[in-house]
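Chemist: Would you mind keeping the following structure in view while I ask a few things?
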Amino acid sequence: MTAPAVSSPALEEVLARARELIGQWRDEDCGTPTVKDFCRYAAALNDGGYISRARALEADGRPVEAPALFLAATMSWEDGPPEDELRPDGLALRESPCTEGLPVRQVHGGQSVRLARPPVAGTRITATRAVVSARHKHGRSGEFVLLGVRTRFLSPDGDELTAVDETIVVLDATGGDR
Amino acid sequence: MTALAAGAECPPRRYAHTSVQLFRFSAVSWNAHRIHYDAAYAATEGFPDAVVQSTLHGEMLTRHALEWAGPGARLESVAWRNVATAVAGERLTWAATVSSVEGARVRLDARILKADGSECVTGTVEVTRAG
């Protein structure tokens, strides 16, 4: 079956860039999250119960596990960039793969998160991330590109903590109606 | 532990995300996408207000499932698809149905519904209940 033709030059370029990137894994240092990092995340979710439990465990010298989706929900582990390097929509290039300089916009299509072992405060975490798929689609809102991005979060001993598959919907910003 | 069987309906949970929460969640998750905290910018992309983050939807799918599963329940996996956009202040409902039970492990088909009953998010959540 022949795939429908891409009518948007910007989306055609996104597809071409993505296909070049597929399978190129890039490592990221997520740092060493602290109990405070976990508690601040929980506070944004109005989860006072987590904060009380985490601080009590910390006071007892016991391990403190992160909220279940802490790793998956954090969009970037990089230090920057400063504002003048962000796209007009506020996204950094790392968060908007294959779109640099193109008149496109993006929204998240969804995620699949598999938890193997919860990260514990004070443990260094690394991530490895790659574009794993790129598909051209037509939907209710018109034409778009669906990028698949996979991230594996690892403990210092190389064990997988969390694996995340996310889909990013890239739309043409010049003629879209979404 | 309460005996469970596939097909059991979980009691629905109703909630709304304030614009303050959307801002705080963007900040803590290092998500600078302006559609989530800048309503004027969101309007330029056709949204009626600041847009609820996909990962915040994932959190709500998960949190209500864990709350339903009871103290000590653990998340094994969650997957979701964004079907429609939700915005700040919008009244949402979490609803779920037990799709399978294997010992302590329970799989839910979960949804987030808009006020008119249409689907905003669909997904599955797998949790292990405490013994």
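Chain lettering (A, B, ...) mirrors the order of the structure tokens, residue numbering begins at 1 for each chain separately, and ligand numbering begins at 1 in order of display.
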Taking only C-alpha atoms into account and nothing else, which residues of chain A lie no more than 8 Å away from chain B? Please answer as a list in words.

Modeler: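 Residues of chain A within 8 Å of chain B, counting only C-alpha atoms: Arg40, Tyr41, Ala44, Leu45, Ala68, Leu69, Ala72, Ala73, Thr74, Met75, Ser76, Trp77, Asp89, Gly90, Leu91, Ala92, His108, Gly109, Gly110, Gln111, Ser112, Val113, Arg114, Leu115, Ala116, Asp177 and Arg178 of chain A.
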
Chemist: Produce a file of the selected residues containing N, CA and C atoms, as an mmCIF file, in the first residue's frame.

Modeler:
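Everything below was put into out-v8.cif:
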data_model
loop_
_atom_site.group_PDB
_atom_site.id
_atom_site.type_symbol
_atom_site.label_atom_id
_atom_site.label_comp_id
_atom_site.auth_asym_id
_atom_site.auth_seq_id
_atom_site.Cartn_x
_atom_site.Cartn_y
_atom_site.Cartn_z
ATOM 1 N N ARG A 40 9.172 18.557 45.792
ATOM 2 C CA ARG A 40 8.700 19.683 44.977
ATOM 3 C C ARG A 40 7.786 19.189 43.858
ATOM 4 N N TYR A 41 8.156 18.049 43.279
ATOM 5 C CA TYR A 41 7.303 17.443 42.248
ATOM 6 C C TYR A 41 5.943 17.091 42.852
ATOM 7 N N ALA A 44 3.630 20.056 43.399
ATOM 8 C CA ALA A 44 2.943 20.541 42.201
ATOM 9 C C ALA A 44 1.713 19.698 41.889
ATOM 10 N N LEU A 45 1.655 18.507 42.477
ATOM 11 C CA LEU A 45 0.489 17.637 42.298
ATOM 12 C C LEU A 45 -0.432 17.695 43.510
ATOM 13 N N ALA A 68 5.996 7.845 41.416
ATOM 14 C CA ALA A 68 6.113 6.834 40.354
ATOM 15 C C ALA A 68 6.471 7.415 38.984
ATOM 16 N N LEU A 69 5.906 8.559 38.629
ATOM 17 C CA LEU A 69 6.133 9.093 37.283
ATOM 18 C C LEU A 69 7.132 10.253 37.262
ATOM 19 N N ALA A 72 9.482 9.965 34.274
ATOM 20 C CA ALA A 72 8.772 10.012 32.997
ATOM 21 C C ALA A 72 8.206 11.401 32.713
ATOM 22 N N ALA A 73 7.808 12.113 33.743
ATOM 23 C CA ALA A 73 7.131 13.397 33.543
ATOM 24 C C ALA A 73 8.101 14.555 33.356
ATOM 25 N N THR A 74 9.335 14.379 33.780
ATOM 26 C CA THR A 74 10.293 15.481 33.665
ATOM 27 C C THR A 74 10.750 15.580 32.210
ATOM 28 N N MET A 75 10.509 16.743 31.633
ATOM 29 C CA MET A 75 10.668 16.863 30.188
ATOM 30 C C MET A 75 12.120 16.949 29.763
ATOM 31 N N SER A 76 12.956 17.563 30.585
ATOM 32 C CA SER A 76 14.360 17.699 30.196
ATOM 33 C C SER A 76 15.245 17.618 31.425
ATOM 34 N N TRP A 77 16.426 17.061 31.243
ATOM 35 C CA TRP A 77 17.414 16.981 32.332
ATOM 36 C C TRP A 77 18.624 17.833 32.023
ATOM 37 N N ASP A 89 7.621 28.918 20.689
ATOM 38 C CA ASP A 89 6.590 28.284 21.531
ATOM 39 C C ASP A 89 7.125 27.885 22.904
ATOM 40 N N GLY A 90 8.396 28.237 23.185
ATOM 41 C CA GLY A 90 8.948 27.963 24.507
ATOM 42 C C GLY A 90 9.719 26.658 24.604
ATOM 43 N N LEU A 91 9.674 25.848 23.561
ATOM 44 C CA LEU A 91 10.366 24.558 23.629
ATOM 45 C C LEU A 91 11.834 24.705 23.259
ATOM 46 N N ALA A 92 12.653 23.904 23.901
ATOM 47 C CA ALA A 92 14.063 23.822 23.519
ATOM 48 C C ALA A 92 14.188 22.847 22.351
ATOM 49 N N HIS A 108 1.864 16.665 22.569
ATOM 50 C CA HIS A 108 2.137 15.278 22.921
ATOM 51 C C HIS A 108 0.962 14.388 22.521
ATOM 52 N N GLY A 109 1.282 13.235 21.947
ATOM 53 C CA GLY A 109 0.223 12.307 21.573
ATOM 54 C C GLY A 109 -0.116 11.325 22.672
ATOM 55 N N GLY A 110 0.850 11.050 23.538
ATOM 56 C CA GLY A 110 0.620 10.109 24.628
ATOM 57 C C GLY A 110 1.922 9.468 25.044
ATOM 58 N N GLN A 111 1.843 8.620 26.038
ATOM 59 C CA GLN A 111 3.049 7.968 26.553
ATOM 60 C C GLN A 111 2.724 6.562 27.013
ATOM 61 N N SER A 112 3.766 5.754 27.031
ATOM 62 C CA SER A 112 3.684 4.444 27.656
ATOM 63 C C SER A 112 4.871 4.351 28.599
ATOM 64 N N VAL A 113 4.592 4.103 29.863
ATOM 65 C CA VAL A 113 5.642 4.107 30.890
ATOM 66 C C VAL A 113 5.667 2.746 31.568
ATOM 67 N N ARG A 114 6.848 2.138 31.568
ATOM 68 C CA ARG A 114 7.008 0.845 32.246
ATOM 69 C C ARG A 114 7.991 1.044 33.403
ATOM 70 N N LEU A 115 7.558 0.647 34.587
ATOM 71 C CA LEU A 115 8.384 0.859 35.780
ATOM 72 C C LEU A 115 9.026 -0.458 36.187
ATOM 73 N N ALA A 116 10.335 -0.451 36.286
ATOM 74 C CA ALA A 116 11.030 -1.668 36.720
ATOM 75 C C ALA A 116 11.438 -1.542 38.182
ATOM 76 N N ASP A 177 -5.246 23.723 11.402
ATOM 77 C CA ASP A 177 -6.456 24.284 12.003
ATOM 78 C C ASP A 177 -6.707 23.713 13.367
ATOM 79 N N ARG A 178 -5.707 23.021 13.941
ATOM 80 C CA ARG A 178 -5.917 22.385 15.242
ATOM 81 C C ARG A 178 -5.828 23.380 16.366
#

Chemist: From a backbone DSSP assignment, name each residue in segment 60-145 of chain A labelled strand (DSSP E or B), as JSON, numbers by chain.

Modeler: {"A": [65, 104, 105, 106, 107, 108, 109, 110, 111, 112, 113, 114, 115, 120, 125, 126, 127, 128, 129, 130, 131, 132, 133, 134, 135, 136, 137, 138, 139, 142, 143, 144, 145]}

Chemist: As an exercise, work out the distance from atom CA of Ile168 of chain A to atom CA of Val149 of chain A in Å and give it to one decimal place.

Modeler: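 Between atom CA of Ile168 of chain A and atom CA of Val149 of chain A the gap is 7.7 Å.
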
Chemist: Got a sec to tell me which of segment 1-174 of chain A DSSP assigns to alpha helix (DSSP H), as an NGL selection string?

Modeler: :A and (9-21 or 35-44 or 48-59 or 70-73)

Chemist: Take the residues that were just selected and, keeping C-alpha atoms, output them as a PDB file, in the first residue's frame.

Modeler:
ATOM      1  CA  PRO A   9       7.259  20.894   2.898  1.00  0.00           C
ATOM      2  CA  ALA A  10       7.909  21.477   6.618  1.00  0.00           C
ATOM      3  CA  LEU A  11       6.486  18.098   7.593  1.00  0.00           C
ATOM      4  CA  GLU A  12       8.365  16.445   4.735  1.00  0.00           C
ATOM      5  CA  GLU A  13      11.567  17.893   6.196  1.00  0.00           C
ATOM      6  CA  VAL A  14      10.666  16.715   9.718  1.00  0.00           C
ATOM      7  CA  LEU A  15      10.183  13.212   8.337  1.00  0.00           C
ATOM      8  CA  ALA A  16      13.495  13.297   6.471  1.00  0.00           C
ATOM      9  CA  ARG A  17      15.394  14.507   9.553  1.00  0.00           C
ATOM     10  CA  ALA A  18      13.705  11.974  11.797  1.00  0.00           C
ATOM     11  CA  ARG A  19      14.537   9.078   9.492  1.00  0.00           C
ATOM     12  CA  GLU A  20      18.198  10.114   9.648  1.00  0.00           C
ATOM     13  CA  LEU A  21      18.064  10.138  13.449  1.00  0.00           C
ATOM     14  CA  VAL A  35      14.271  14.212  48.505  1.00  0.00           C
ATOM     15  CA  LYS A  36      13.608  17.901  47.912  1.00  0.00           C
ATOM     16  CA  ASP A  37      13.328  17.308  44.158  1.00  0.00           C
ATOM     17  CA  PHE A  38      10.780  14.552  44.780  1.00  0.00           C
ATOM     18  CA  CYS A  39       8.836  16.675  47.269  1.00  0.00           C
ATOM     19  CA  ARG A  40       8.700  19.683  44.977  1.00  0.00           C
ATOM     20  CA  TYR A  41       7.303  17.443  42.248  1.00  0.00           C
ATOM     21  CA  ALA A  42       4.705  16.074  44.675  1.00  0.00           C
ATOM     22  CA  ALA A  43       3.802  19.603  45.785  1.00  0.00           C
ATOM     23  CA  ALA A  44       2.943  20.541  42.201  1.00  0.00           C
ATOM     24  CA  GLY A  48       1.004  16.568  50.741  1.00  0.00           C
ATOM     25  CA  GLY A  49       0.827  12.951  51.868  1.00  0.00           C
ATOM     26  CA  TYR A  50       3.876  12.014  49.795  1.00  0.00           C
ATOM     27  CA  ILE A  51       5.839  14.923  51.246  1.00  0.00           C
ATOM     28  CA  SER A  52       5.040  13.902  54.835  1.00  0.00           C
ATOM     29  CA  ARG A  53       5.984  10.268  54.203  1.00  0.00           C
ATOM     30  CA  ALA A  54       9.171  11.144  52.320  1.00  0.00           C
ATOM     31  CA  ARG A  55      10.394  13.544  54.974  1.00  0.00           C
ATOM     32  CA  ALA A  56       9.629  11.023  57.732  1.00  0.00           C
ATOM     33  CA  LEU A  57      11.618   8.313  55.899  1.00  0.00           C
ATOM     34  CA  GLU A  58      14.476  10.739  55.368  1.00  0.00           C
ATOM     35  CA  ALA A  59      14.488  11.652  59.067  1.00  0.00           C
ATOM     36  CA  PHE A  70       8.844  11.533  38.432  1.00  0.00           C
ATOM     37  CA  LEU A  71      11.324  10.425  35.755  1.00  0.00           C
ATOM     38  CA  ALA A  72       8.772  10.012  32.997  1.00  0.00           C
ATOM     39  CA  ALA A  73       7.131  13.397  33.543  1.00  0.00           C
TER      40      ALA A  73
END

Chemist: Do you have, as JSON lines, the list of residues of segment 49-104 of chain A lying at most 12 Å from segment 139-146 of chain A, each with its nearest atom pair and that distance in Å to one decimal, counting only C-alpha atoms and ordered by chain then number?

Modeler:
{"residue": "A:Pro97", "atom": "CA", "partner": "A:Leu146", "partner_atom": "CA", "distance": 11.4}
{"residue": "A:Cys98", "atom": "CA", "partner": "A:Val145", "partner_atom": "CA", "distance": 10.8}
{"residue": "A:Thr99", "atom": "CA", "partner": "A:Val145", "partner_atom": "CA", "distance": 11.0}
{"residue": "A:Val104", "atom": "CA", "partner": "A:Phe144", "partner_atom": "CA", "distance": 9.7}

Chemist: Could you take the residues named above and write them with all heavy atoms, as an mmCIF file, in the first residue's frame?

Modeler:
data_model
loop_
_atom_site.group_PDB
_atom_site.id
_atom_site.type_symbol
_atom_site.label_atom_id
_atom_site.label_comp_id
_atom_site.auth_asym_id
_atom_site.auth_seq_id
_atom_site.Cartn_x
_atom_site.Cartn_y
_atom_site.Cartn_z
ATOM 1 N N PRO A 97 12.415 17.555 18.643
ATOM 2 C CA PRO A 97 13.388 16.983 17.719
ATOM 3 C C PRO A 97 12.970 17.148 16.257
ATOM 4 O O PRO A 97 11.792 17.092 15.928
ATOM 5 C CB PRO A 97 13.433 15.497 18.115
ATOM 6 C CG PRO A 97 12.192 15.245 18.892
ATOM 7 C CD PRO A 97 11.825 16.540 19.526
ATOM 8 N N CYS A 98 13.963 17.392 15.417
ATOM 9 C CA CYS A 98 13.791 17.417 13.960
ATOM 10 C C CYS A 98 13.047 18.643 13.453
ATOM 11 O O CYS A 98 12.591 18.653 12.307
ATOM 12 C CB CYS A 98 13.068 16.163 13.462
ATOM 13 S SG CYS A 98 13.696 14.623 14.126
ATOM 14 N N THR A 99 12.859 19.676 14.265
ATOM 15 C CA THR A 99 12.009 20.800 13.838
ATOM 16 C C THR A 99 12.754 22.127 13.732
ATOM 17 O O THR A 99 12.127 23.135 13.415
ATOM 18 C CB THR A 99 10.839 20.997 14.831
ATOM 19 O OG1 THR A 99 11.376 21.411 16.090
ATOM 20 C CG2 THR A 99 10.030 19.733 14.985
ATOM 21 N N VAL A 104 6.539 24.782 12.309
ATOM 22 C CA VAL A 104 5.707 23.687 12.821
ATOM 23 C C VAL A 104 5.390 23.942 14.289
ATOM 24 O O VAL A 104 6.019 24.773 14.937
ATOM 25 C CB VAL A 104 6.408 22.315 12.679
ATOM 26 C CG1 VAL A 104 6.609 21.962 11.224
ATOM 27 C CG2 VAL A 104 7.736 22.293 13.426
#

Chemist: Name the closest residue to Trp68 of chain B among the candidates B:Gly89, B:Gly103, B:Gly117, B:Pro11; distances are taken between atoms, counting only C-alpha atoms.

Modeler: B:Pro11
